$ cat protein18.cif   # mmCIF, C-alpha atoms
data_target
#
loop_
_atom_site.label_atom_id
_atom_site.label_comp_id
_atom_site.auth_asym_id
_atom_site.auth_seq_id
_atom_site.Cartn_x
_atom_site.Cartn_y
_atom_site.Cartn_z
CA MET A 1 7.38 -21.25 -20.16
CA SER A 2 6.39 -23.48 -17.32
CA ALA A 3 3.19 -25.37 -16.76
CA GLU A 4 2.53 -23.39 -13.57
CA ASP A 5 2.55 -19.93 -15.16
CA PRO A 6 1.32 -19.97 -18.79
CA ASN A 7 1.53 -16.13 -19.07
CA ALA A 8 5.25 -15.91 -18.19
CA GLY A 9 6.33 -15.79 -21.86
CA GLU A 10 3.88 -13.00 -22.65
CA ASP A 11 5.27 -10.83 -19.83
CA ALA A 12 8.78 -11.19 -21.24
CA ASP A 13 7.55 -10.14 -24.70
CA ALA A 14 5.82 -7.11 -23.19
CA GLU A 15 9.02 -6.07 -21.42
CA GLU A 16 11.00 -6.33 -24.67
CA GLU A 17 8.48 -4.10 -26.45
CA GLU A 18 8.74 -1.50 -23.69
CA ASP A 19 12.53 -1.23 -24.15
CA ILE A 20 12.18 -0.19 -27.78
CA ARG A 21 12.54 3.42 -28.92
CA TYR A 22 9.82 3.92 -31.51
CA PHE A 23 11.47 7.00 -33.04
CA VAL A 24 15.19 7.50 -33.55
CA ARG A 25 16.16 11.01 -34.60
CA ILE A 26 19.00 11.50 -37.06
CA GLY A 27 19.52 15.06 -38.22
CA GLN A 28 16.06 16.53 -38.71
CA THR A 29 14.37 13.23 -39.51
CA ASP A 30 12.57 10.78 -37.23
CA LEU A 31 13.30 7.19 -38.24
CA ASP A 32 11.07 4.24 -37.36
CA GLY A 33 12.64 2.35 -34.44
CA THR A 34 10.59 -0.79 -35.06
CA LYS A 35 12.35 -1.52 -38.36
CA SER A 36 15.76 -3.01 -38.97
CA VAL A 37 18.76 -0.70 -39.08
CA GLU A 38 19.14 -1.02 -42.84
CA ARG A 39 15.47 -0.43 -43.59
CA ALA A 40 15.14 2.48 -41.14
CA LEU A 41 18.16 4.28 -42.61
CA THR A 42 16.66 4.15 -46.10
CA GLU A 43 13.86 6.45 -44.88
CA LEU A 44 16.45 9.20 -44.65
CA ASN A 45 16.69 11.24 -47.88
CA GLY A 46 20.06 10.61 -49.52
CA ILE A 47 20.52 7.13 -48.04
CA GLY A 48 19.58 4.14 -50.18
CA HIS A 49 19.82 0.42 -49.56
CA ARG A 50 23.48 0.18 -50.50
CA ALA A 51 24.49 3.21 -48.43
CA ALA A 52 22.50 1.90 -45.45
CA ARG A 53 24.28 -1.44 -45.65
CA ILE A 54 27.70 0.25 -45.77
CA ILE A 55 26.81 2.51 -42.82
CA ALA A 56 25.73 -0.48 -40.72
CA GLN A 57 28.91 -2.35 -41.62
CA LYS A 58 31.20 0.61 -40.81
CA ALA A 59 29.41 1.19 -37.47
CA ASP A 60 29.81 -2.51 -36.54
CA VAL A 61 26.03 -3.00 -36.22
CA ASP A 62 24.00 -5.96 -37.39
CA ARG A 63 21.96 -4.54 -40.26
CA ARG A 64 19.00 -6.78 -39.37
CA ALA A 65 18.89 -5.65 -35.72
CA VAL A 66 15.86 -3.61 -34.65
CA PHE A 67 16.96 0.02 -34.68
CA GLY A 68 15.00 1.08 -31.59
CA LYS A 69 16.48 -1.70 -29.41
CA LEU A 70 20.07 -0.56 -29.91
CA ASP A 71 21.96 1.17 -27.11
CA ASP A 72 22.51 4.93 -27.24
CA ASP A 73 26.23 4.60 -27.92
CA VAL A 74 25.55 2.26 -30.87
CA ILE A 75 22.99 4.70 -32.26
CA GLU A 76 25.57 7.50 -31.89
CA ARG A 77 28.04 5.42 -33.92
CA VAL A 78 25.42 5.03 -36.66
CA VAL A 79 24.67 8.78 -36.60
CA ASP A 80 28.39 9.52 -36.84
CA ARG A 81 28.75 7.19 -39.84
CA VAL A 82 25.76 8.88 -41.55
CA GLU A 83 27.26 12.34 -41.02
CA ASN A 84 30.73 11.24 -42.23
CA PHE A 85 29.54 8.96 -45.03
CA ALA A 86 31.55 10.80 -47.69
CA ASP A 87 34.78 9.96 -45.82
CA ASP A 88 34.05 6.21 -45.83
CA VAL A 89 33.14 5.67 -49.48
CA PRO A 90 34.70 6.42 -52.86
CA GLU A 91 33.92 9.78 -54.45
CA TRP A 92 31.68 8.26 -57.13
CA MET A 93 29.30 6.96 -54.46
CA THR A 94 28.51 10.38 -52.95
CA ASN A 95 25.53 12.43 -54.06
CA HIS A 96 27.14 15.89 -54.31
CA GLN A 97 30.46 15.78 -56.10
CA LYS A 98 32.71 18.78 -56.74
CA ASP A 99 30.62 21.59 -55.30
CA TYR A 100 30.52 24.60 -57.62
CA PHE A 101 31.86 27.06 -55.06
CA THR A 102 34.13 24.99 -52.79
CA GLY A 103 35.08 22.07 -55.05
CA GLU A 104 34.45 19.63 -52.19
CA THR A 105 32.72 16.30 -52.47
CA THR A 106 30.05 15.75 -49.83
CA HIS A 107 27.16 13.41 -49.17
CA GLU A 108 24.03 15.37 -48.29
CA THR A 109 21.14 13.87 -46.32
CA GLY A 110 17.70 15.02 -45.28
CA ASN A 111 16.65 18.61 -45.94
CA ASP A 112 20.22 19.59 -46.84
CA LEU A 113 19.97 17.39 -49.93
CA GLN A 114 16.77 19.09 -51.11
CA LEU A 115 18.20 22.55 -50.44
CA THR A 116 21.44 21.81 -52.29
CA ARG A 117 19.63 20.37 -55.32
CA ARG A 118 17.29 23.38 -55.46
CA GLN A 119 20.25 25.78 -55.30
CA ASP A 120 22.11 23.91 -58.05
CA ILE A 121 19.07 23.95 -60.34
CA ASN A 122 18.45 27.66 -59.71
CA ARG A 123 22.11 28.42 -60.49
CA MET A 124 21.83 26.50 -63.78
CA LYS A 125 18.66 28.44 -64.65
CA MET A 126 20.31 31.78 -63.87
CA ILE A 127 23.36 31.18 -66.06
CA ASP A 128 21.18 29.76 -68.85
CA SER A 129 23.13 26.55 -69.23
CA TYR A 130 21.59 23.86 -71.41
CA ARG A 131 20.34 21.96 -68.36
CA GLY A 132 19.02 25.18 -66.84
CA VAL A 133 17.03 26.00 -69.97
CA ARG A 134 15.57 22.50 -70.01
CA HIS A 135 14.56 22.91 -66.34
CA LYS A 136 12.94 26.28 -67.11
CA ARG A 137 10.89 24.81 -69.94
CA GLY A 138 9.90 21.76 -67.90
CA GLN A 139 11.45 19.40 -70.43
CA LYS A 140 13.57 16.33 -69.82
CA VAL A 141 17.10 17.20 -68.78
CA ARG A 142 19.20 14.05 -69.04
CA GLY A 143 19.03 13.29 -72.75
CA GLN A 144 15.90 11.15 -72.76
CA ARG A 145 13.77 10.94 -75.90
CA THR A 146 10.94 13.45 -76.12
CA LYS A 147 9.37 12.64 -79.48
CA SER A 148 6.72 10.34 -78.07
CA THR A 149 7.07 10.43 -74.29
CA GLY A 150 6.75 13.12 -71.66
CA ARG A 151 3.81 14.82 -73.30
CA THR A 152 1.75 16.96 -70.94
CA GLU A 153 -0.84 18.47 -73.28
CA GLY A 154 -3.40 15.75 -72.75
CA THR A 155 -4.32 12.57 -74.55
CA ILE A 156 -3.07 12.11 -78.06
CA GLY A 157 -4.57 9.33 -80.11
CA VAL A 158 -7.93 7.65 -80.36
CA ASN A 159 -10.23 7.39 -77.37
CA VAL A 160 -11.90 4.05 -78.06
CA GLU A 161 -14.34 4.25 -75.13
CA ALA A 162 -15.80 7.57 -76.31
CA ILE A 163 -16.30 6.17 -79.83
CA LYS A 164 -18.06 3.06 -78.49
CA GLU A 165 -20.35 5.20 -76.33
CA GLU A 166 -21.26 7.37 -79.33
CA GLN A 167 -22.00 4.29 -81.45
CA ALA A 168 -24.18 2.84 -78.69
CA GLU A 169 -26.12 6.12 -78.42
CA GLU A 170 -26.61 6.26 -82.21
CA ALA A 171 -27.79 2.62 -82.26
CA ALA A 172 -30.22 3.33 -79.42
CA ALA A 173 -31.55 6.40 -81.26
CA GLU A 174 -32.08 4.36 -84.47
CA ASP A 175 -33.90 1.63 -82.53
CA ASP A 176 -36.25 4.20 -80.97
CA GLU A 177 -37.29 5.56 -84.41
#
$ encode --input "protein18.cif" --output "structure tokens"
Amino acid sequence: MSAEDPNAGEDADAEEEEDIRYFVRIGQTDLDGTKSVERALTELNGIGHRAARIIAQKADVDRRAVFGKLDDDVIERVVDRVENFADDVPEWMTNHQKDYFTGETTHETGNDLQLTRRQDINRMKMIDSYRGVRHKRGQKVRGQRTKSTGRTEGTIGVNVEAIKEEQAEEAAAEDDE
């Protein structure tokens, strides 16, 4: 900034904001281009903080860089790393291991993840496996306790507020007599 033109710095900031892509599309999902690479990738279903950090590292991108300011070729590298995530990480880190029909290990993202999970649950329900029966009944599936938690039939126990209101009404009725 110079003393002659006090608005020169503001014009440079405005030009930087114009260069930003506000939406970056990966798969079928629009990601926020104003966020950092790591934070924007976590908006994609199937990608968490750890996966986003690994993707940024494998694509040679600064994870704190603003996603919308990156060049197209850099964004393509990130998209390629997202699509081939299962090839870059150990098998235990993927979200769909040993597919029932193909036996492959993949990492699903976006709508594919929801579709795959729904198909797996429906298959378990159809063959009446233990997990499938638990899904059918709407009960907990992964061995959690059910004696005192997960109740859906309404409130069990004493409703203290209702009792206090009744006592206040009775006391008011006695005072009126």
$ resolve_selection --input "protein18.cif" --expression "the PyMOL selection byres ((chain A and resi 28) around 10)" --output "list in words"
Arg25, Ile26, Gly27, Thr29, Asp30, Leu31, Leu44, Thr109, Gly110, Asn111 and Asp112 of chain A
$ resolve_selection --input "protein18.cif" --expression "the PyMOL selection byres ((chain A and resi 81) around 10)" --output "list in words"
Ala52, Ile54, Ile55, Ala56, Gln57, Lys58, Ala59, Ile75, Glu76, Arg77, Val78, Val79, Asp80, Val82, Glu83, Asn84, Phe85, Ala86, Asp87 and Asp88 of chain A
$ atom_distance --input "protein18.cif" --atom1 "atom CA of A:Val74" --atom2 "atom CA of A:Val61"
7.5 Å
$ resolve_selection --input "protein18.cif" --expression "the PyMOL selection byres ((chain A and resi 32) around 9)" --output "ChimeraX atom specification"
/A:21-25,30-31,33-36,39-41,43,67-68
$ residues_around --input "protein18.cif" --residues "A:Asp99" --least-positions-apart "5" --cutoff "12 Å" --atoms "all atoms listed in the file" --output "list in words"
Thr94, Glu104, Thr105, Thr106, His107, Glu108, Thr116, Arg117, Gln119 and Asp120 of chain A
$ residues_near_point --input "protein18.cif" --point "(15.1, 23.5, -62.9)" --cutoff "9 Å" --atoms "all atoms listed in the file" --output "list in words"
Arg118, Asp120, Ile121, Asn122, Arg123, Met124, Lys125, Arg131, Gly132, Val133, Arg134, His135, Lys136, Arg137, Gly138 and Val141 of chain A
$ atom_distance --input "protein18.cif" --atom1 "atom CA of A:Ile127" --atom2 "atom CA of A:Thr102"
18.2 Å
$ atom_distance --input "protein18.cif" --atom1 "atom CA of A:Pro90" --atom2 "atom CA of A:Leu113"
18.6 Å
